[in-house]
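**Q** Below is the file work38.cif, which contains mmCIF, C-alpha atoms and all ligand atoms.
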data_my_file
loop_
_atom_site.label_atom_id
_atom_site.label_comp_id
_atom_site.auth_asym_id
_atom_site.auth_seq_id
_atom_site.Cartn_x
_atom_site.Cartn_y
_atom_site.Cartn_z
CA MET A 27 102.32 127.41 114.51
CA SER A 28 104.80 128.19 111.77
CA GLU A 29 103.76 127.54 108.22
CA ARG A 30 105.76 126.66 105.16
CA VAL A 31 104.32 126.65 101.67
CA VAL A 32 105.46 124.74 98.61
CA VAL A 33 103.94 125.06 95.14
CA THR A 34 103.99 122.09 92.75
CA VAL A 35 102.91 122.00 89.11
CA SER A 36 102.58 118.25 88.52
CA PRO A 37 101.76 115.08 90.46
CA GLU A 38 105.40 114.05 90.01
CA GLU A 39 106.52 117.19 91.81
CA THR A 40 104.09 116.59 94.65
CA ARG A 41 105.35 113.02 94.93
CA ALA A 42 108.95 114.20 94.90
CA PHE A 43 108.34 116.71 97.68
CA ALA A 44 106.52 114.10 99.77
CA ARG A 45 109.34 111.68 99.09
CA SER A 46 111.91 114.08 100.49
CA LEU A 47 109.75 114.37 103.61
CA GLY A 48 109.55 110.57 103.80
CA GLU A 49 113.33 110.32 103.51
CA GLN A 50 113.71 112.49 106.63
CA LEU A 51 111.49 110.24 108.75
CA ASP A 52 113.45 108.37 111.38
CA LYS A 53 110.87 107.96 114.13
CA PRO A 54 107.13 107.39 114.51
CA LEU A 55 105.07 110.35 113.39
CA THR A 56 101.68 111.10 111.90
CA ILE A 57 101.14 113.02 108.69
CA TRP A 58 97.65 114.54 108.57
CA LEU A 59 96.54 115.24 104.99
CA SER A 60 93.66 117.52 104.14
CA GLY A 61 92.36 119.12 100.98
CA PRO A 62 89.46 118.60 98.56
CA LEU A 63 88.80 115.68 96.21
CA GLY A 64 91.65 115.28 93.77
CA ALA A 65 93.95 117.65 95.63
CA GLY A 66 96.76 115.09 95.69
CA LYS A 67 96.52 113.41 99.09
CA THR A 68 97.06 109.91 97.72
CA CYS A 69 99.82 111.23 95.50
CA PHE A 70 101.45 112.67 98.64
CA ALA A 71 101.06 109.36 100.49
CA GLN A 72 102.80 107.59 97.57
CA GLY A 73 105.74 109.96 97.88
CA VAL A 74 106.04 109.41 101.62
CA ALA A 75 106.00 105.65 101.03
CA ALA A 76 108.79 105.94 98.48
CA GLY A 77 110.84 108.06 100.88
CA LEU A 78 110.35 105.46 103.60
CA GLY A 79 111.71 102.79 101.29
CA VAL A 80 108.47 100.93 100.61
CA PRO A 81 109.34 98.74 97.59
CA PRO A 82 108.11 100.31 94.33
CA ASP A 83 106.36 97.09 93.32
CA GLU A 84 103.93 97.63 96.21
CA PRO A 85 101.30 99.99 94.82
CA VAL A 86 100.16 102.60 97.32
CA VAL A 87 96.46 103.19 96.77
CA SER A 88 93.76 104.48 99.04
CA PRO A 89 92.44 101.79 101.34
CA SER A 90 89.09 100.79 99.80
CA TYR A 91 87.87 97.62 101.50
CA THR A 92 89.71 98.33 104.69
CA LEU A 93 90.20 101.53 106.59
CA MET A 94 93.91 101.11 106.67
CA ASN A 95 96.67 99.69 104.49
CA LEU A 96 99.97 98.65 106.00
CA TYR A 97 103.23 98.92 104.06
CA GLN A 98 106.67 97.93 105.19
CA GLY A 99 109.44 100.47 104.76
CA ARG A 100 112.27 101.53 107.09
CA LEU A 101 109.39 102.00 109.53
CA PRO A 102 105.91 100.50 109.17
CA LEU A 103 103.61 102.79 107.22
CA TYR A 104 99.91 102.93 108.12
CA HIS A 105 97.82 104.51 105.38
CA PHE A 106 94.36 105.63 106.50
CA ASP A 107 91.60 107.26 104.48
CA TYR A 108 88.96 108.81 106.70
CA TYR A 109 86.78 109.38 103.63
CA ARG A 110 85.79 105.75 104.04
CA LEU A 111 84.53 106.31 107.55
CA SER A 112 80.86 106.96 107.95
CA HIS A 113 81.23 107.51 111.69
CA PRO A 114 84.31 108.16 113.83
CA ASP A 115 83.43 105.16 116.03
CA GLU A 116 84.51 102.91 113.17
CA LEU A 117 88.05 103.89 113.99
CA ASP A 118 87.64 102.40 117.46
CA ASP A 119 86.86 98.99 115.93
CA LEU A 120 90.20 99.15 114.25
CA GLY A 121 92.12 99.97 117.37
CA GLY A 122 91.59 103.60 116.58
CA ASP A 123 94.12 106.11 117.61
CA GLU A 124 96.41 103.46 119.03
CA PHE A 125 97.77 102.74 115.59
CA ILE A 126 98.55 106.33 115.26
CA GLU A 127 100.83 106.37 118.24
CA ASP A 128 102.30 102.96 117.69
CA GLY A 129 105.83 102.55 116.38
CA GLY A 130 105.19 103.55 112.80
CA VAL A 131 104.47 106.38 110.45
CA SER A 132 100.79 107.07 109.82
CA VAL A 133 99.49 108.94 106.82
CA VAL A 134 95.86 109.99 107.14
CA GLU A 135 93.86 111.22 104.14
CA TRP A 136 90.84 113.41 104.89
CA ALA A 137 92.27 114.09 108.34
CA ASP A 138 89.78 116.91 108.85
CA ARG A 139 86.71 114.80 108.08
CA PHE A 140 85.81 114.26 111.72
CA ASP A 141 86.94 116.60 114.41
CA ARG A 142 87.10 113.80 116.90
CA CYS A 143 89.38 111.61 114.79
CA ALA A 144 91.53 114.35 113.59
CA GLY A 145 91.76 116.49 116.69
CA TYR A 146 91.91 118.90 113.86
CA GLY A 147 90.77 122.08 115.55
CA GLY A 148 93.50 124.08 113.89
CA GLY A 149 95.91 121.17 113.70
CA ALA A 150 95.99 120.49 117.41
CA ARG A 151 97.16 116.92 117.13
CA ALA A 152 100.88 116.10 117.14
CA GLY A 153 102.44 115.51 113.76
CA VAL A 154 102.87 117.19 110.43
CA HIS A 155 99.72 118.76 109.00
CA ILE A 156 99.69 119.02 105.22
CA GLU A 157 96.95 120.99 103.54
CA LEU A 158 96.77 120.64 99.75
CA LYS A 159 95.05 123.45 97.92
CA ILE A 160 94.03 123.27 94.26
CA VAL A 161 95.03 126.56 92.69
CA ALA A 162 94.84 125.48 89.03
CA ALA A 163 94.40 122.29 87.02
CA SER A 164 97.90 121.08 87.74
CA ARG A 165 99.05 123.55 90.37
CA ARG A 166 98.87 122.78 94.07
CA GLU A 167 99.76 124.88 97.06
CA ILE A 168 101.00 122.63 99.84
CA VAL A 169 100.84 124.20 103.28
CA CYS A 170 102.97 122.43 105.87
CA ARG A 171 102.46 122.96 109.58
CA ALA A 172 104.17 121.25 112.49
CA CYS A 173 102.50 120.36 115.74
CA GLY A 174 104.96 119.22 118.40
CA THR A 175 108.72 119.09 118.64
CA ASP A 176 109.32 116.03 116.44
CA ALA A 177 107.27 117.50 113.62
CA GLU A 178 108.96 120.88 113.98
CA VAL A 179 112.42 119.28 113.80
CA LEU A 180 111.40 117.28 110.76
CA LEU A 181 110.11 120.27 108.83
CA SER A 182 113.15 122.33 109.76
CA ARG A 183 115.42 119.60 108.39
CA LEU A 184 113.29 119.23 105.28
CA PHE A 185 113.28 122.89 104.44
CA ALA A 186 116.96 123.33 105.27
CA ALA A 187 117.86 120.53 102.84
N1 LIG B 201 100.55 119.40 91.29
C1 LIG B 201 99.81 118.28 91.44
N2 LIG B 201 99.98 117.52 92.56
C2 LIG B 201 99.24 116.42 92.74
N3 LIG B 201 98.29 115.96 91.91
C3 LIG B 201 98.08 116.67 90.79
C4 LIG B 201 98.84 117.85 90.51
N4 LIG B 201 98.41 118.35 89.32
C5 LIG B 201 97.45 117.53 88.88
N5 LIG B 201 97.25 116.52 89.74
C6 LIG B 201 96.23 115.46 89.57
O1 LIG B 201 95.32 115.53 90.65
C7 LIG B 201 94.92 114.23 91.02
C8 LIG B 201 95.29 113.97 92.46
O2 LIG B 201 94.78 112.71 92.79
P1 LIG B 201 94.87 112.07 94.22
O3 LIG B 201 94.19 110.75 94.13
O4 LIG B 201 96.27 112.08 94.72
O5 LIG B 201 93.99 113.11 95.07
P2 LIG B 201 93.33 112.88 96.49
O6 LIG B 201 93.46 114.17 97.21
O7 LIG B 201 93.88 111.66 97.13
O8 LIG B 201 91.81 112.63 96.10
P3 LIG B 201 90.67 111.92 96.97
O9 LIG B 201 90.06 112.98 97.80
O10 LIG B 201 89.74 111.39 95.93
O11 LIG B 201 91.29 110.84 97.79
C9 LIG B 201 95.60 113.26 90.06
O12 LIG B 201 94.74 112.99 89.00
C10 LIG B 201 96.82 114.05 89.58
O13 LIG B 201 97.25 113.67 88.32
MG MG B 202 93.02 109.92 97.97
#
Would you mind writing the structure in this file as structure tokens?

**A**
Amino acid sequence: MSERVVVTVSPEETRAFARSLGEQLDKPLTIWLSGPLGAGKTCFAQGVAAGLGVPPDEPVVSPSYTLMNLYQGRLPLYHFDYYRLSHPDELDDLGGDEFIEDGGVSVVEWADRFDRCAGYGGGARAGVHIELKIVAASRREIVCRACGTDAEVLLSRLFAA
């Protein structure tokens, strides 16, 4: 799997990069976000939402009382946070993976929390895998990997732009 790395030095820069990814989205796809607490996963989700045209007056925050928040942009945006899951079966109650294949863009924080949910074994599940690494207080290394043709095309367009 090819790997592309971007370094950002502020949350605004992370949001801007994620926004340019969001702007390229024109079909259903899943964005799998991993990285430690405070790495910038929610920040990244906010950027994707902006790029998808979710109105700025709709605050994008991690789902706290639900497992998923739905936003309406050019495509529906499903925002999951697997940190809230205590067991992967909870996803089944929600309709589980079906959301993830269904007509919209899904952004999943803590994608690597459960192997079963994430199919994470090295990013085996189709979509764009984003790993955020904290390298200094305000510096993040963002590793982007594509799994599948749609994701590969998207990243190629993004990095050509
Ligand atoms: N380059 C950067 N990119 C993103 N966030 C940054 C950067 N530099 C500093 N930060 C700070 O790191 C924090 C990232 O918070 P955010 O909620 O997006 O992380 P998270 O990965 O979603 O955390 P959690 O695991 O709690 O969900 C914010 O406080 C932000 O200001
Ligand atoms: Mg978060």

**Q** Rank A:Asp115, A:Asp52, A:Asp107, A:Glu167 by their smallest atom-to-atom distance to ligand MG 202 (chain B), using all atoms listed in the file, and report the top residue only.

**A**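 The closest residue to ligand MG 202 (chain B) is A:Asp107.
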
**Q** Ranking A:Asn95, A:Ser36, A:Ser46, A:Ser60 by minimum distance to ligand LIG 201 (chain B) and counting all atoms listed in the file, which one comes first?

**A**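 Result for the nearest residue to ligand LIG 201 (chain B): A:Ser36.
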
**Q** Compile a residue-level contact table for chain A against ligand MG 202 (chain B) at a cut-off of 12 Å, reporting for every qualifying residue the shortest atom pair and its distance in Å to one decimal, with only C-alpha atoms and all ligand atoms counted, rows ordered by chain and ascending number, as a Markdown table.

**A**
| residue | atom | partner | partner_atom | distance |
| --- | --- | --- | --- | --- |
| A:Leu59 | CA | B:MG202 | MG | 9.5 |
| A:Ser60 | CA | B:MG202 | MG | 9.8 |
| A:Gly61 | CA | B:MG202 | MG | 9.7 |
| A:Pro62 | CA | B:MG202 | MG | 9.4 |
| A:Leu63 | CA | B:MG202 | MG | 7.4 |
| A:Gly64 | CA | B:MG202 | MG | 6.9 |
| A:Ala65 | CA | B:MG202 | MG | 8.1 |
| A:Gly66 | CA | B:MG202 | MG | 6.8 |
| A:Lys67 | CA | B:MG202 | MG | 5.1 |
| A:Thr68 | CA | B:MG202 | MG | 4.0 |
| A:Cys69 | CA | B:MG202 | MG | 7.4 |
| A:Phe70 | CA | B:MG202 | MG | 8.9 |
| A:Ala71 | CA | B:MG202 | MG | 8.4 |
| A:Gln72 | CA | B:MG202 | MG | 10.1 |
| A:Val86 | CA | B:MG202 | MG | 10.2 |
| A:Val87 | CA | B:MG202 | MG | 7.7 |
| A:Ser88 | CA | B:MG202 | MG | 5.6 |
| A:Pro89 | CA | B:MG202 | MG | 8.8 |
| A:Ser90 | CA | B:MG202 | MG | 10.1 |
| A:His105 | CA | B:MG202 | MG | 10.4 |
| A:Phe106 | CA | B:MG202 | MG | 9.6 |
| A:Asp107 | CA | B:MG202 | MG | 7.2 |
| A:Tyr108 | CA | B:MG202 | MG | 9.7 |
| A:Tyr109 | CA | B:MG202 | MG | 8.4 |
| A:Arg110 | CA | B:MG202 | MG | 10.3 |
| A:Val133 | CA | B:MG202 | MG | 11.0 |
| A:Val134 | CA | B:MG202 | MG | 9.6 |
| A:Glu135 | CA | B:MG202 | MG | 6.4 |
| A:Trp136 | CA | B:MG202 | MG | 8.1 |
| A:Ala137 | CA | B:MG202 | MG | 11.2 |
| A:Leu158 | CA | B:MG202 | MG | 11.5 |

**Q** Those same residues - C-alpha atoms - I'd like them written as a compact mmCIF listing (two decimals), keeping the file's coordinate frame.

**A**
# COMPACT_ATOMS: atom_id res chain seq x y z
CA LEU A 59 96.54 115.24 104.99
CA SER A 60 93.66 117.52 104.14
CA GLY A 61 92.36 119.12 100.98
CA PRO A 62 89.46 118.60 98.56
CA LEU A 63 88.80 115.68 96.21
CA GLY A 64 91.65 115.28 93.77
CA ALA A 65 93.95 117.65 95.63
CA GLY A 66 96.76 115.09 95.69
CA LYS A 67 96.52 113.41 99.09
CA THR A 68 97.06 109.91 97.72
CA CYS A 69 99.82 111.23 95.50
CA PHE A 70 101.45 112.67 98.64
CA ALA A 71 101.06 109.36 100.49
CA GLN A 72 102.80 107.59 97.57
CA VAL A 86 100.16 102.60 97.32
CA VAL A 87 96.46 103.19 96.77
CA SER A 88 93.76 104.48 99.04
CA PRO A 89 92.44 101.79 101.34
CA SER A 90 89.09 100.79 99.80
CA HIS A 105 97.82 104.51 105.38
CA PHE A 106 94.36 105.63 106.50
CA ASP A 107 91.60 107.26 104.48
CA TYR A 108 88.96 108.81 106.70
CA TYR A 109 86.78 109.38 103.63
CA ARG A 110 85.79 105.75 104.04
CA VAL A 133 99.49 108.94 106.82
CA VAL A 134 95.86 109.99 107.14
CA GLU A 135 93.86 111.22 104.14
CA TRP A 136 90.84 113.41 104.89
CA ALA A 137 92.27 114.09 108.34
CA LEU A 158 96.77 120.64 99.75

**Q** So the first atom is atom CA of A:Gly48 and the second is atom CA of A:Val161; what is the distance between them in Å, to one decimal place?

**A** 24.3 Å

**Q** Tell me, in Å to one decimal, how far atom CA of A:Ala163 is from atom N5 of ligand LIG 201 (chain B).

**A**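 Atom CA of A:Ala163 sits 7.0 Å away from atom N5 of ligand LIG 201 (chain B).
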
**Q** Which residues are near A:Ala44? Cut-off 6 Å, only C-alpha atoms, ignore same chain within fewer than 2 positions. Put them as a list in words.

**A**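 The neighbour list is Arg41, Ala42, Ser46, Leu47, Phe70, Gly73 and Val74 of chain A.
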
**Q** What separation in Å, quoted to one decimal, exists between atom O1 of ligand LIG 201 (chain B) and atom CA of A:Leu180?

**A** 25.8 Å

**Q** Excluding same-chain residues fewer than 5 positions from A:Gln98, what lies within 10 Å of it counting only C-alpha atoms, as a PyMOL selection string?

**A** chain A and resi 75+78-81+84+103-104+130

**Q** Choose the residue, out of A:Ala186, A:Leu181, A:Ile168, A:Leu55, that has the smallest atom-to-atom separation from ligand LIG 201 (chain B); count only C-alpha atoms and all ligand atoms.

**A**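 Comparing A:Ala186, A:Leu181, A:Ile168, A:Leu55 against ligand LIG 201 (chain B), the winner is A:Ile168.
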
**Q** From the list A:Ala162, A:Ile156, A:Ile57, A:Cys173, which residue is nearest ligand LIG 201 (chain B) when using only C-alpha atoms and all ligand atoms?

**A** A:Ala162

**Q** Could you name the residues that touch A:Cys170 at 6 Å or less, counting all atoms listed in the file, but leaving out those on the same chain fewer than 4 positions away, as a tab-separated table (two decimals) with C-alpha atoms, in the frame of the given file?

**A**
chain	number	residue	atom	x	y	z
A	29	GLU	CA	103.76	127.54	108.22
A	30	ARG	CA	105.76	126.66	105.16
A	155	HIS	CA	99.72	118.76	109.00
A	156	ILE	CA	99.69	119.02	105.22

**Q** Which is closest to A:Glu38 among A:Arg166, A:Val131, A:Gln50, A:Lys159, if we use all atoms listed in the file?

**A**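 Between A:Arg166, A:Val131, A:Gln50, A:Lys159, the residue approaching A:Glu38 most closely is A:Arg166.
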
**Q** Could you tell me which of A:Gly77, A:Pro37, A:Pro102, A:Pro54 comes closest to A:Asp176 if we count all atoms listed in the file?

**A** A:Pro54

**Q** Complete the atom set of stretch 66-83 of chain A to N, CA and C atoms and return it as a tab-separated table (two decimals), in the frame of the given file.

**A**
chain	number	residue	atom	x	y	z
A	66	GLY	N	95.45	115.74	95.77
A	66	GLY	CA	96.76	115.09	95.69
A	66	GLY	C	97.17	114.38	96.98
A	67	LYS	N	96.20	114.05	97.81
A	67	LYS	CA	96.52	113.41	99.09
A	67	LYS	C	97.13	112.01	98.88
A	68	THR	N	96.53	111.25	97.98
A	68	THR	CA	97.06	109.91	97.72
A	68	THR	C	98.44	110.01	97.06
A	69	CYS	N	98.55	110.95	96.16
A	69	CYS	CA	99.82	111.23	95.50
A	69	CYS	C	100.91	111.53	96.56
A	70	PHE	N	100.54	112.31	97.57
A	70	PHE	CA	101.45	112.67	98.64
A	70	PHE	C	101.82	111.42	99.45
A	71	ALA	N	100.81	110.59	99.74
A	71	ALA	CA	101.06	109.36	100.49
A	71	ALA	C	102.03	108.45	99.73
A	72	GLN	N	101.90	108.41	98.40
A	72	GLN	CA	102.80	107.59	97.57
A	72	GLN	C	104.24	108.08	97.71
A	73	GLY	N	104.40	109.40	97.73
A	73	GLY	CA	105.74	109.96	97.88
A	73	GLY	C	106.35	109.63	99.23
A	74	VAL	N	105.55	109.74	100.28
A	74	VAL	CA	106.04	109.41	101.62
A	74	VAL	C	106.48	107.95	101.66
A	75	ALA	N	105.67	107.07	101.05
A	75	ALA	CA	106.00	105.65	101.03
A	75	ALA	C	107.35	105.43	100.34
A	76	ALA	N	107.52	106.08	99.21
A	76	ALA	CA	108.79	105.94	98.48
A	76	ALA	C	109.96	106.40	99.35
A	77	GLY	N	109.77	107.52	100.02
A	77	GLY	CA	110.84	108.06	100.88
A	77	GLY	C	111.15	107.17	102.06
A	78	LEU	N	110.15	106.38	102.48
A	78	LEU	CA	110.35	105.46	103.60
A	78	LEU	C	110.92	104.13	103.13
A	79	GLY	N	111.12	104.01	101.81
A	79	GLY	CA	111.71	102.79	101.29
A	79	GLY	C	110.73	101.66	101.08
A	80	VAL	N	109.44	101.97	100.98
A	80	VAL	CA	108.47	100.93	100.61
A	80	VAL	C	108.79	100.50	99.18
A	81	PRO	N	108.94	99.20	98.92
A	81	PRO	CA	109.34	98.74	97.59
A	81	PRO	C	108.39	99.26	96.51
A	82	PRO	N	108.93	99.71	95.38
A	82	PRO	CA	108.11	100.31	94.33
A	82	PRO	C	107.10	99.35	93.72
A	83	ASP	N	107.32	98.03	93.89
A	83	ASP	CA	106.36	97.09	93.32
A	83	ASP	C	105.12	96.92	94.21
